[in-house]
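**Q** Got my_file-v8.txt for you, compact mmCIF, C-alpha atoms and all ligand atoms:
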# COMPACT_ATOMS: atom_id res chain seq x y z
CA MET A 1 18.09 75.07 -160.69
CA ASN A 2 18.91 76.49 -157.30
CA LYS A 3 17.51 73.93 -154.84
CA VAL A 4 17.33 73.72 -151.07
CA VAL A 5 16.14 70.84 -148.91
CA LEU A 6 14.17 72.06 -145.91
CA VAL A 7 13.85 69.69 -142.96
CA TYR A 8 10.12 70.29 -142.50
CA SER A 9 7.84 69.51 -139.56
CA GLY A 10 4.94 71.72 -140.62
CA GLY A 11 5.30 73.76 -137.42
CA LEU A 12 5.71 77.49 -137.09
CA ASP A 13 9.52 77.70 -137.35
CA THR A 14 9.86 75.55 -140.44
CA THR A 15 6.83 77.05 -142.18
CA VAL A 16 8.30 80.52 -141.80
CA CYS A 17 11.43 79.18 -143.53
CA ILE A 18 9.58 78.43 -146.79
CA PRO A 19 8.99 82.00 -148.04
CA MET A 20 12.30 83.07 -146.49
CA MET A 21 14.22 80.54 -148.56
CA LYS A 22 12.74 82.03 -151.72
CA GLU A 23 12.66 85.70 -150.87
CA GLU A 24 15.69 86.20 -148.68
CA TYR A 25 17.98 83.32 -149.55
CA GLY A 26 17.27 83.30 -153.29
CA TYR A 27 16.38 79.65 -153.90
CA ASP A 28 14.12 78.76 -156.84
CA GLU A 29 13.04 75.35 -155.64
CA ILE A 30 12.19 74.41 -152.06
CA ILE A 31 12.15 70.70 -151.35
CA THR A 32 10.41 69.92 -148.05
CA VAL A 33 11.09 66.66 -146.23
CA THR A 34 8.90 65.43 -143.39
CA VAL A 35 10.06 62.30 -141.65
CA ASP A 36 7.44 60.26 -139.84
CA VAL A 37 9.03 59.06 -136.60
CA GLY A 38 5.71 58.52 -134.88
CA GLN A 39 4.42 62.05 -134.39
CA ASP A 40 0.67 62.69 -134.53
CA PRO A 41 -0.52 61.59 -138.01
CA LYS A 42 -2.49 64.85 -138.17
CA ASP A 43 0.81 66.76 -138.07
CA ILE A 44 2.17 64.75 -140.98
CA GLN A 45 -0.98 65.42 -142.96
CA GLN A 46 -0.89 69.11 -142.11
CA ALA A 47 2.72 69.34 -143.17
CA GLU A 48 1.74 67.82 -146.53
CA GLU A 49 -1.14 70.24 -146.96
CA LYS A 50 0.95 73.27 -146.04
CA ALA A 51 3.73 72.19 -148.38
CA LYS A 52 1.24 71.82 -151.20
CA HIS A 53 -0.30 75.19 -150.40
CA LEU A 54 3.14 76.82 -150.42
CA ASN A 55 4.21 75.07 -153.62
CA THR A 56 7.17 73.09 -152.42
CA LYS A 57 8.29 69.74 -153.75
CA HIS A 58 7.30 67.61 -150.79
CA PHE A 59 8.41 64.23 -149.50
CA THR A 60 6.94 62.36 -146.53
CA ILE A 61 9.07 59.47 -145.39
CA ASP A 62 7.66 56.82 -143.11
CA ALA A 63 10.62 55.90 -140.90
CA LYS A 64 8.71 54.59 -137.89
CA GLU A 65 9.98 51.01 -138.02
CA GLU A 66 13.57 52.04 -138.66
CA PHE A 67 13.33 54.60 -135.87
CA ALA A 68 11.91 52.11 -133.36
CA LYS A 69 14.33 49.31 -134.21
CA ASP A 70 17.61 51.15 -134.78
CA PHE A 71 17.19 54.24 -132.62
CA CYS A 72 14.69 53.63 -129.79
CA PHE A 73 15.84 50.08 -129.09
CA THR A 74 19.51 51.03 -129.34
CA SER A 75 18.80 53.68 -126.73
CA LEU A 76 16.91 51.15 -124.60
CA LYS A 77 19.89 48.78 -124.58
CA ALA A 78 22.00 51.69 -123.32
CA ASN A 79 19.32 52.74 -120.79
CA GLY A 80 19.47 56.09 -122.60
CA THR A 81 18.43 58.93 -120.33
CA TYR A 82 19.47 62.54 -119.76
CA GLU A 83 18.94 64.30 -116.45
CA GLY A 84 16.27 61.79 -115.53
CA TYR A 85 14.16 61.43 -118.68
CA PRO A 86 14.35 58.96 -121.59
CA ILE A 87 16.04 60.83 -124.44
CA SER A 88 13.68 61.11 -127.41
CA THR A 89 14.02 64.27 -129.50
CA SER A 90 17.76 63.77 -129.62
CA ILE A 91 17.61 60.24 -131.04
CA ALA A 92 15.16 61.21 -133.80
CA ARG A 93 17.28 64.08 -135.17
CA PRO A 94 20.02 61.90 -136.70
CA LEU A 95 17.46 59.79 -138.59
CA ILE A 96 15.54 62.85 -139.80
CA SER A 97 18.80 64.41 -141.00
CA LYS A 98 19.91 61.20 -142.67
CA LYS A 99 16.64 61.02 -144.61
CA ALA A 100 16.99 64.67 -145.66
CA VAL A 101 20.47 63.91 -147.00
CA GLU A 102 19.12 60.92 -148.95
CA ILE A 103 16.46 63.10 -150.57
CA ALA A 104 19.06 65.76 -151.35
CA MET A 105 21.24 63.18 -153.11
CA GLN A 106 18.28 61.88 -155.07
CA GLU A 107 17.21 65.41 -156.06
CA GLY A 108 20.69 66.70 -156.76
CA ALA A 109 20.71 69.33 -154.00
CA THR A 110 23.56 70.26 -151.69
CA SER A 111 21.87 73.06 -149.73
CA PHE A 112 19.82 72.50 -146.59
CA ALA A 113 17.71 74.55 -144.22
CA HIS A 114 16.26 73.79 -140.82
CA GLY A 115 14.04 75.65 -138.38
CA CYS A 116 16.13 75.32 -135.23
CA THR A 117 16.70 78.30 -133.02
CA GLY A 118 20.14 79.33 -131.87
CA LYS A 119 19.34 78.50 -128.27
CA GLY A 120 18.58 74.80 -128.47
CA ASN A 121 20.28 71.48 -129.05
CA ASP A 122 18.73 70.53 -132.37
CA GLN A 123 20.94 72.89 -134.40
CA PHE A 124 23.98 70.89 -133.25
CA ARG A 125 22.39 67.52 -133.88
CA ILE A 126 21.04 68.28 -137.36
CA GLU A 127 24.04 70.17 -138.70
CA TYR A 128 26.50 67.58 -137.40
CA VAL A 129 24.72 64.69 -139.15
CA ILE A 130 24.25 66.54 -142.44
CA GLN A 131 27.93 67.50 -142.48
CA ALA A 132 29.04 64.00 -141.50
CA LEU A 133 27.04 62.47 -144.37
CA MET A 134 27.60 65.27 -146.92
CA PRO A 135 30.79 67.23 -146.14
CA ASN A 136 30.23 69.83 -148.89
CA ALA A 137 26.68 70.67 -147.77
CA LYS A 138 25.64 74.27 -147.24
CA ILE A 139 23.32 74.67 -144.25
CA HIS A 140 20.99 77.59 -143.48
CA ALA A 141 19.37 78.25 -140.12
CA PRO A 142 17.09 81.25 -140.76
CA ILE A 143 15.55 81.42 -137.28
CA ARG A 144 19.02 81.62 -135.76
CA GLU A 145 20.57 83.75 -138.48
CA LYS A 146 17.83 86.40 -138.29
CA ASN A 147 17.56 86.17 -134.50
CA MET A 148 13.78 85.64 -134.71
CA THR A 149 11.36 85.41 -131.80
CA ARG A 150 8.14 83.41 -131.86
CA VAL A 151 6.09 86.58 -131.65
CA TRP A 152 7.92 87.98 -134.68
CA GLU A 153 7.40 84.68 -136.53
CA ILE A 154 3.65 84.66 -135.86
CA ASP A 155 3.45 88.22 -137.09
CA TYR A 156 5.47 87.39 -140.22
CA ALA A 157 3.33 84.30 -140.87
CA LYS A 158 0.18 86.42 -140.68
CA LYS A 159 1.61 89.01 -143.05
CA LYS A 160 2.58 86.34 -145.54
CA ASN A 161 -0.70 84.46 -145.12
CA LEU A 162 1.09 81.32 -144.01
CA PRO A 163 -1.05 78.52 -142.59
CA ILE A 164 -0.16 78.20 -138.87
CA GLN A 165 -2.02 76.99 -135.76
CA GLN A 166 -0.15 78.97 -133.16
CA SER A 167 -1.60 82.06 -131.59
CA LEU A 168 -0.05 84.32 -129.00
CA GLU A 169 -1.89 82.46 -126.22
CA LYS A 170 -1.32 78.87 -127.30
CA ILE A 171 2.29 78.94 -128.03
CA TRP A 172 3.48 75.48 -126.85
CA SER A 173 6.39 74.12 -128.75
CA ILE A 174 5.87 70.39 -129.06
CA ASP A 175 8.19 67.72 -130.37
CA GLU A 176 6.92 64.19 -130.71
CA ASN A 177 8.14 60.78 -131.74
CA LEU A 178 7.48 57.16 -130.74
CA TRP A 179 9.86 57.39 -127.80
CA GLY A 180 8.43 60.52 -126.19
CA ARG A 181 6.72 63.86 -126.39
CA SER A 182 8.28 67.12 -125.24
CA ILE A 183 6.32 70.26 -124.44
CA GLU A 184 7.94 73.59 -123.79
CA GLY A 185 7.45 77.32 -124.30
CA GLY A 186 4.60 79.70 -123.53
CA LYS A 187 3.64 79.94 -119.88
CA LEU A 188 5.70 76.81 -119.15
CA GLU A 189 8.79 78.99 -119.45
CA ASP A 190 8.04 80.04 -115.89
CA PRO A 191 9.37 77.10 -113.84
CA ASN A 192 6.96 78.13 -111.12
CA PHE A 193 3.91 77.67 -113.38
CA ALA A 194 2.25 74.25 -112.94
CA PRO A 195 1.73 72.37 -116.22
CA PRO A 196 -1.94 72.55 -117.23
CA GLU A 197 -3.72 69.27 -118.08
CA GLU A 198 -4.19 70.44 -121.70
CA ILE A 199 -0.50 69.96 -122.54
CA PHE A 200 -0.76 66.17 -122.05
CA GLN A 201 -1.96 63.92 -124.83
CA TRP A 202 -0.45 60.49 -124.22
CA THR A 203 -0.85 60.14 -120.48
CA LYS A 204 -3.85 60.32 -118.19
CA GLY A 205 -3.61 62.22 -114.93
CA PRO A 206 -4.25 60.46 -111.60
CA LEU A 207 -7.94 61.32 -111.67
CA ASN A 208 -8.55 60.00 -115.18
CA SER A 209 -6.21 57.01 -115.28
CA LEU A 210 -7.61 53.49 -114.96
CA ASN A 211 -9.04 52.56 -111.59
CA GLU A 212 -7.95 48.91 -111.71
CA ILE A 213 -4.46 47.50 -111.38
CA CYS A 214 -3.10 46.45 -114.76
CA GLU A 215 -0.40 43.80 -115.26
CA VAL A 216 1.82 43.78 -118.30
CA ALA A 217 4.32 41.10 -119.36
CA ILE A 218 7.26 42.16 -121.55
CA GLN A 219 9.41 39.57 -123.31
CA PHE A 220 13.00 40.53 -124.24
CA GLU A 221 15.48 38.98 -126.66
CA ASN A 222 19.02 40.43 -126.83
CA GLY A 223 18.00 43.45 -124.77
CA THR A 224 15.16 44.22 -127.17
CA PRO A 225 11.44 43.86 -126.40
CA ILE A 226 9.74 41.43 -128.78
CA SER A 227 6.30 40.78 -127.33
CA ILE A 228 3.75 42.26 -124.95
CA ASN A 229 1.44 39.95 -123.00
CA GLY A 230 2.45 37.11 -125.31
CA LYS A 231 1.72 39.05 -128.49
CA THR A 232 4.65 39.42 -130.89
CA LEU A 233 4.79 42.80 -132.59
CA THR A 234 7.05 44.81 -134.89
CA PRO A 235 9.23 47.37 -133.07
CA ALA A 236 7.02 50.37 -133.91
CA GLN A 237 3.77 48.50 -133.15
CA LEU A 238 5.22 47.36 -129.84
CA VAL A 239 6.23 50.87 -128.77
CA LEU A 240 2.81 52.23 -129.76
CA LEU A 241 1.06 49.55 -127.70
CA VAL A 242 3.25 50.15 -124.64
CA ASN A 243 2.64 53.90 -124.97
CA LYS A 244 -1.09 53.22 -124.85
CA ILE A 245 -0.98 50.77 -121.92
CA ALA A 246 1.40 52.86 -119.82
CA GLY A 247 -0.25 56.16 -120.80
CA ASP A 248 -3.70 54.94 -119.72
CA ASN A 249 -2.13 54.15 -116.35
CA GLY A 250 -0.65 57.61 -116.00
CA ILE A 251 2.97 56.55 -116.37
CA GLY A 252 5.71 58.78 -117.77
CA ARG A 253 4.96 62.39 -116.92
CA ILE A 254 8.18 64.25 -116.17
CA ASP A 255 8.60 67.93 -115.34
CA ILE A 256 12.24 68.99 -115.02
CA MET A 257 14.81 71.72 -115.39
CA GLU A 258 17.10 70.61 -118.21
CA ASP A 259 20.64 71.78 -118.93
CA ARG A 260 20.99 72.31 -122.66
CA MET A 261 24.26 71.92 -124.53
CA LEU A 262 24.88 75.67 -124.52
CA GLY A 263 24.52 75.77 -120.76
CA LEU A 264 21.05 77.29 -120.78
CA LYS A 265 18.69 75.86 -118.21
CA VAL A 266 15.21 75.29 -119.56
CA ARG A 267 11.98 73.98 -118.11
CA GLU A 268 10.84 70.84 -119.93
CA ASN A 269 7.78 68.67 -119.69
CA TYR A 270 7.86 65.16 -121.09
CA GLU A 271 5.35 62.44 -121.68
CA CYS A 272 7.16 59.18 -122.21
CA PRO A 273 4.89 56.34 -121.04
CA GLY A 274 6.26 53.60 -123.29
CA SER A 275 9.94 54.38 -123.00
CA ALA A 276 9.69 54.86 -119.22
CA LEU A 277 8.03 51.47 -118.81
CA LEU A 278 10.39 49.65 -121.17
CA LEU A 279 13.43 51.17 -119.43
CA THR A 280 12.16 49.99 -116.03
CA ALA A 281 11.60 46.47 -117.37
CA HIS A 282 14.94 46.39 -119.21
CA LYS A 283 16.89 47.41 -116.11
CA ALA A 284 15.09 44.77 -114.03
CA LEU A 285 16.18 42.10 -116.49
CA GLU A 286 19.77 43.38 -116.56
CA ALA A 287 19.82 43.16 -112.76
CA LEU A 288 18.92 39.46 -113.04
CA VAL A 289 21.41 38.39 -115.72
CA LEU A 290 24.48 40.64 -115.62
CA THR A 291 27.34 40.26 -113.16
CA ARG A 292 27.72 43.00 -110.58
CA ASP A 293 30.88 44.25 -112.32
CA GLU A 294 29.07 44.38 -115.65
CA ILE A 295 26.24 46.34 -114.04
CA ARG A 296 28.60 48.77 -112.33
CA PHE A 297 30.70 49.36 -115.45
CA LYS A 298 27.72 49.43 -117.80
CA ALA A 299 26.19 52.30 -115.80
CA ILE A 300 29.27 54.36 -116.75
CA VAL A 301 29.13 53.22 -120.39
CA ASP A 302 25.39 54.00 -120.52
CA GLN A 303 26.00 57.49 -119.22
CA GLU A 304 28.75 58.15 -121.78
CA TRP A 305 26.52 56.75 -124.54
CA SER A 306 23.61 58.92 -123.41
CA LYS A 307 25.74 62.07 -123.50
CA LEU A 308 26.80 61.37 -127.10
CA ALA A 309 23.22 60.55 -128.10
CA TYR A 310 21.90 63.68 -126.38
CA GLU A 311 24.37 65.76 -128.35
CA GLY A 312 23.34 64.00 -131.55
CA LEU A 313 26.79 62.52 -132.24
CA TRP A 314 25.14 59.39 -133.61
CA TYR A 315 27.93 58.48 -136.03
CA ASP A 316 30.79 59.07 -133.60
CA PRO A 317 33.41 56.30 -133.32
CA PHE A 318 33.32 56.53 -129.52
CA LYS A 319 29.60 55.76 -129.62
CA ASP A 320 30.29 52.79 -131.86
CA ALA A 321 32.93 51.51 -129.45
CA LEU A 322 30.62 51.89 -126.46
CA GLU A 323 27.95 49.95 -128.38
CA SER A 324 30.38 47.06 -128.86
CA PHE A 325 30.43 46.65 -125.09
CA ILE A 326 26.71 47.27 -124.71
CA ASN A 327 25.74 44.76 -127.41
CA LYS A 328 28.01 42.13 -125.94
CA THR A 329 26.18 42.37 -122.61
CA GLN A 330 22.74 42.40 -124.24
CA VAL A 331 23.11 38.91 -125.71
CA ARG A 332 22.06 37.56 -122.29
CA VAL A 333 19.30 40.11 -121.68
CA CYS A 334 16.59 37.63 -122.63
CA GLY A 335 13.51 36.70 -120.66
CA GLU A 336 10.33 38.13 -119.27
CA VAL A 337 9.48 40.95 -116.88
CA VAL A 338 6.01 41.49 -115.44
CA LEU A 339 5.02 44.89 -114.12
CA ARG A 340 2.06 46.08 -112.15
CA LEU A 341 0.74 49.48 -113.22
CA TYR A 342 -1.49 51.72 -111.22
CA LYS A 343 -2.05 55.48 -111.38
CA GLY A 344 1.43 56.53 -112.38
CA SER A 345 3.43 53.78 -110.71
CA ALA A 346 5.06 50.86 -112.49
CA GLN A 347 6.33 48.17 -110.20
CA VAL A 348 8.30 45.16 -111.34
CA ILE A 349 6.67 42.09 -109.75
CA LYS A 350 8.22 39.16 -111.69
CA ARG A 351 11.34 38.49 -113.73
CA SER A 352 12.71 35.32 -115.33
CA SER A 353 15.51 34.48 -117.75
CA PRO A 354 17.40 31.45 -119.03
CA TRP A 355 20.53 33.53 -118.23
CA ALA A 356 19.60 34.40 -114.63
CA LEU A 357 22.71 34.50 -112.43
CA TYR A 358 20.52 33.53 -109.56
CA SER A 359 20.07 30.28 -107.71
CA GLU A 360 17.24 29.93 -105.28
CA ALA A 361 19.06 26.99 -103.67
CA LEU A 362 22.15 29.13 -102.99
CA ALA A 363 20.34 32.20 -101.66
CA SER A 364 17.55 30.50 -99.75
CA PHE A 365 17.16 30.85 -95.99
CA ASP A 366 15.75 27.34 -96.00
CA ASN A 367 18.53 25.37 -97.69
CA ALA A 368 21.62 24.25 -95.74
CA GLU A 369 23.17 21.97 -98.37
CA ALA A 370 23.83 24.01 -101.51
CA TYR A 371 25.82 26.65 -99.62
CA ASP A 372 27.37 25.79 -96.28
CA GLN A 373 27.32 29.04 -94.29
CA ARG A 374 30.33 27.98 -92.27
CA GLU A 375 32.54 28.31 -95.33
CA SER A 376 32.10 32.10 -95.21
CA THR A 377 33.84 32.40 -91.83
CA GLY A 378 37.38 32.91 -93.20
CA THR A 379 36.23 35.37 -95.86
CA VAL A 380 34.37 37.44 -93.29
CA LYS A 381 37.35 37.38 -90.90
CA ASN A 382 39.65 38.87 -93.51
CA PHE A 383 37.17 41.39 -94.87
CA GLY A 384 38.24 45.02 -94.44
CA LEU A 385 41.74 44.06 -93.29
CA GLN A 386 43.43 47.36 -94.20
CA SER A 387 40.57 49.42 -92.89
CA ARG A 388 40.72 47.62 -89.55
CA MET A 389 44.50 48.13 -89.33
CA PHE A 390 44.02 51.85 -89.94
CA TYR A 391 41.60 52.12 -87.02
CA GLN A 392 43.99 50.28 -84.71
CA LEU A 393 46.78 52.69 -85.62
CA LYS A 394 44.54 55.70 -85.18
CA ASN A 395 43.27 54.54 -81.80
CA ALA A 396 46.79 53.87 -80.56
CA ARG A 397 47.75 57.55 -80.92
N1 LIG B 401 15.07 69.68 -124.69
C1 LIG B 401 14.79 68.54 -125.50
C2 LIG B 401 16.02 68.12 -126.21
O1 LIG B 401 16.91 68.91 -126.39
C3 LIG B 401 13.60 68.75 -126.45
C4 LIG B 401 13.77 69.84 -127.48
C5 LIG B 401 12.66 70.02 -128.49
N2 LIG B 401 11.39 70.20 -127.89
C6 LIG B 401 10.41 71.01 -128.29
N3 LIG B 401 9.31 71.00 -127.59
N4 LIG B 401 10.52 71.80 -129.32
O2 LIG B 401 16.15 66.99 -126.60
Would you encode the structure as structure tokens?
**A**
Amino acid sequence: MNKVVLVYSGGLDTTVCIPMMKEEYGYDEIITVTVDVGQDPKDIQQAEEKAKHLNTKHFTIDAKEEFAKDFCFTSLKANGTYEGYPISTSIARPLISKKAVEIAMQEGATSFAHGCTGKGNDQFRIEYVIQALMPNAKIHAPIREKNMTRVWEIDYAKKKNLPIQQSLEKIWSIDENLWGRSIEGGKLEDPNFAPPEEIFQWTKGPLNSLNEICEVAIQFENGTPISINGKTLTPAQLVLLVNKIAGDNGIGRIDIMEDRMLGLKVRENYECPGSALLLTAHKALEALVLTRDEIRFKAIVDQEWSKLAYEGLWYDPFKDALESFINKTQVRVCGEVVLRLYKGSAQVIKRSSPWALYSEALASFDNAEAYDQRESTGTVKNFGLQSRMFYQLKNAR
């Protein structure tokens, strides 16, 4: 039996791939795999219904806890961001691809298909992981290979009677997981078009967000959040709760121009209430417990890590090596951060840790014993020695 595993979201691109795989690529059996990484449960259900309707052998895999623990929290430890937003789509792709490979092994398939276009980043991320985990895999990318446009796809879907929600007016392309929600396409492709309220689902705008100040306490252990306001939760439950709290307070709306891997600039809107809040809290705790050299060097490591993660190189040895450093620093990132949320702002107001490299006695304006100011005199006198010599030479000319 000629089988192909289709990485299936239930959206327009991947639904179009189903008849194509049969009619144009000659496969007898289409195996669809939908991985639940925290997208809208309605989307998962719709994917199942569409798969049934189109007679595929369908698998839904609940990977929310694995995603939160091993992907979101790994990214949090590395302060994973790209051009100013918490990376989200990019960290879900490796897990989705890994699950597709597992199903392929179980079902005895070596062919894969995905619905990525030839303009985006996901084609790199998905194909890299499949090839890393199954070197003899054959991978099809029909949207790219047939140079399809969304308008053409909608037309094709109508002709083939495929179940789709998109119309020519509502043409947003949305990607969602626990760590964030990305909205692009349609009228948003004009960078000069203001995002309409209807694109947002997780965050409230300034007019609708809560009118009272809300305080939230986040407890960390080894750089990983473990409880919210004293309540211990599993990783996925915790991220869902923080998404709700931060979203109700209007936190995490980002509208940017993003540079894709191919060099294309694209206008992106993100909703990332939970990840934005957790990143703010995590950085505040790092600032309390890490040495200044660790902080300075870790910023470079974090940026290198983020680039690899953005490109989907999840199983790269360089990434592994960077994580050795990151994990070593995170052992001390334990303690609590309290933030005050109000209409889109999240301000750190308290932080405490058993590993704090801070002594009130040393820093205080009111304590003369713990640190005798006079001892600084010699250090200050010799500070900038070479720089001062340079100025003397210059002035003497
Ligand atoms: N530009 C983002 C990335 O490359 C998101 C891409 C997918 N988003 C979407 N709405 N289809 O990670």
**Q** As an MDAnalysis selection string, please: the residues near Asn147 of chain A (cut-off 10 Å, all atoms listed in the file, same-chain neighbours under 5 positions excluded).
**A** chainID A and resid 117:118 141:142 152
**Q** Under the rule of at most 6 Å, produce a per-residue listing of chain A near ligand LIG 401 (chain B): chain, number, name, the closest pair of atoms, and the distance in Å, as a tab-separated table, using all atoms listed in the file.
**A**
residue	atom	partner	partner_atom	distance
A:Thr89	CA	B:LIG401	O2	4.5
A:Ser90	CA	B:LIG401	O2	4.7
A:Asn121	CA	B:LIG401	O1	5.0
A:Ser173	CA	B:LIG401	N3	4.4
A:Ile174	CA	B:LIG401	N3	3.8
A:Asp175	CA	B:LIG401	N3	4.4
A:Ser182	CA	B:LIG401	N3	4.7
A:Ile183	CA	B:LIG401	N3	4.4
A:Glu184	CA	B:LIG401	N3	4.8
**Q** A:Lys265, A:Lys307, A:Lys3, A:His140: which is nearest Gly120 of chain A, counting all atoms listed in the file?
**A** A:Lys265
**Q** Can you work out the spacing between atom CA of Glu311 of chain A and atom CA of Phe124 of chain A in Å, to one decimal?
**A**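 For atom CA of Glu311 of chain A relative to atom CA of Phe124 of chain A, the distance reads 7.1 Å.
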**Q** Can you write out as JSON lines which residues of segment 127-197 of chain A fall within 12 Å of segment 20-27 of chain A, alongside each residue's closest atom pair and its distance in Å to one decimal, counting only C-alpha atoms and ordering rows by chain and ascending residue number?
**A**
{"residue": "A:Ile139", "atom": "CA", "partner": "A:Tyr25", "partner_atom": "CA", "distance": 11.5}
{"residue": "A:His140", "atom": "CA", "partner": "A:Tyr25", "partner_atom": "CA", "distance": 8.9}
{"residue": "A:Ala141", "atom": "CA", "partner": "A:Met21", "partner_atom": "CA", "distance": 10.1}
{"residue": "A:Pro142", "atom": "CA", "partner": "A:Met20", "partner_atom": "CA", "distance": 7.7}
{"residue": "A:Ile143", "atom": "CA", "partner": "A:Met20", "partner_atom": "CA", "distance": 9.9}
{"residue": "A:Glu145", "atom": "CA", "partner": "A:Tyr25", "partner_atom": "CA", "distance": 11.4}
{"residue": "A:Lys146", "atom": "CA", "partner": "A:Met20", "partner_atom": "CA", "distance": 10.4}
{"residue": "A:Glu153", "atom": "CA", "partner": "A:Met20", "partner_atom": "CA", "distance": 11.2}
{"residue": "A:Tyr156", "atom": "CA", "partner": "A:Met20", "partner_atom": "CA", "distance": 10.2}
{"residue": "A:Ala157", "atom": "CA", "partner": "A:Met20", "partner_atom": "CA", "distance": 10.7}
{"residue": "A:Lys160", "atom": "CA", "partner": "A:Met20", "partner_atom": "CA", "distance": 10.3}
{"residue": "A:Leu162", "atom": "CA", "partner": "A:Met20", "partner_atom": "CA", "distance": 11.6}
**Q** For Gly335 of chain A, which of A:Leu322, A:Leu288, A:Met261, A:Leu385 is the closest residue, counting all atoms listed in the file?
**A**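 Ranking A:Leu322, A:Leu288, A:Met261, A:Leu385 by distance to Gly335 of chain A, first place goes to A:Leu288.
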**Q** Please identify all polymer residues within 10 Å of Leu290 of chain A, counting only C-alpha atoms, omitting same-chain residues fewer than 3 positions from it, and present them as an MDAnalysis selection string.
**A** chainID A and resid 285:287 293:296 298 329:330 332:333 355:357
**Q** What's the 8 Å shell around segment 31-43 of chain A, counting all atoms listed in the file, without same-chain residues fewer than 6 positions away, as an NGL selection string?
**A** :A and (3-10 or 51 or 56-64 or 67 or 92 or 96 or 99-100 or 103 or 175-178)
**Q** Hey, can you check how far atom CA of Pro273 of chain A sits from atom CA of Pro195 of chain A?
**A** 17.0 Å
**Q** Write out as AutoDock Vina command-line options an axis-aligned box for segment 344-354 of chain A: all of its atoms listed in the file, 4 Å added on each side, centre and edge lengths in Å with one decimal.
**A**
--center_x 9.4 --center_y 44.0 --center_z -114.4 --size_x 24.0 --size_y 33.1 --size_z 17.3
**Q** Could you jot down the atom CA of Cys116 of chain A to atom CA of Gly312 of chain A separation for me, Å, one decimal place?
**A**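 Interatomic distance here is 13.9 Å.
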**Q** Would you pick out the contacts of Ala276 of chain A at 9 Å or less, using only C-alpha atoms, so that residues sharing its chain but fewer than 5 positions from it are not included, and give the list as a ChimeraX atom specification?
**A** /A:85-86,179,246,251-252,281
**Q** Of the candidates A:Leu264, A:Pro94, A:Ala396, A:Val242, which shows the shortest atom-to-atom distance to Ser227 of chain A, using all atoms listed in the file?
**A**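 Checking each of A:Leu264, A:Pro94, A:Ala396, A:Val242 against Ser227 of chain A, counting all atoms listed in the file, the winner is A:Val242.
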**Q** Nearest to Glu271 of chain A: which of A:Pro317, A:Gly205, A:Pro225, A:Gly230 is it, counting all atoms listed in the file?
**A**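 Smallest separation from Glu271 of chain A among the options: A:Gly205.
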**Q** So, with only C-alpha atoms as the atoms that count, which of A:Lys69, A:Ala217, A:Ser352, A:Asp255 lies closest to Lys231 of chain A?
**A**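 Of the candidates, the smallest distance to Lys231 of chain A is held by A:Ala217.
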**Q** Pick the closest to Arg351 of chain A from A:Ile87, A:Ile218, A:Met389, A:Ala109: which is it, counting only C-alpha atoms?
**A** A:Ile218
**Q** Within 10 Å of segment 337-348 of chain A, which residues of segment 204-288 of chain A come that close, and what is the closest atom pair and distance in Å for each? Count only C-alpha atoms and give it as a tab-separated table.
**A**
residue	atom	partner	partner_atom	distance
A:Lys204	CA	A:Lys343	CA	8.5
A:Gly205	CA	A:Lys343	CA	7.8
A:Pro206	CA	A:Lys343	CA	5.4
A:Leu207	CA	A:Lys343	CA	8.3
A:Asn208	CA	A:Lys343	CA	8.8
A:Ser209	CA	A:Lys343	CA	5.9
A:Leu210	CA	A:Lys343	CA	6.9
A:Asn211	CA	A:Lys343	CA	7.6
A:Glu212	CA	A:Tyr342	CA	7.1
A:Ile213	CA	A:Tyr342	CA	5.2
A:Cys214	CA	A:Leu341	CA	5.1
A:Glu215	CA	A:Arg340	CA	4.6
A:Val216	CA	A:Leu339	CA	5.4
A:Ala217	CA	A:Val338	CA	4.3
A:Ile218	CA	A:Val337	CA	5.3
A:Gln219	CA	A:Val337	CA	6.6
A:Phe220	CA	A:Val337	CA	8.2
A:Ile228	CA	A:Val338	CA	9.8
A:Asn229	CA	A:Val338	CA	9.0
A:Ile245	CA	A:Leu341	CA	9.0
A:Ala246	CA	A:Leu341	CA	7.4
A:Gly247	CA	A:Gly344	CA	8.6
A:Asp248	CA	A:Lys343	CA	8.5
A:Asn249	CA	A:Lys343	CA	5.1
A:Gly250	CA	A:Gly344	CA	4.3
A:Ile251	CA	A:Gly344	CA	4.3
A:Gly252	CA	A:Gly344	CA	7.2
A:Arg253	CA	A:Gly344	CA	8.2
A:Pro273	CA	A:Gly344	CA	9.3
A:Ala276	CA	A:Ala346	CA	9.1
A:Leu277	CA	A:Ala346	CA	7.0
A:Leu278	CA	A:Val337	CA	9.7
A:Thr280	CA	A:Val348	CA	7.8
A:Ala281	CA	A:Val337	CA	5.9
A:His282	CA	A:Val337	CA	8.1
A:Lys283	CA	A:Val337	CA	9.9
A:Ala284	CA	A:Val348	CA	7.3
A:Leu285	CA	A:Val337	CA	6.8
**Q** Might you pull out every residue within 12 Å of Trp305 of chain A, with all atoms listed in the file counted and same-chain residues fewer than 3 positions away left off, and present them as a VMD selection string?
**A** chain A and resid 74 to 82 87 91 298 to 302 308 to 326
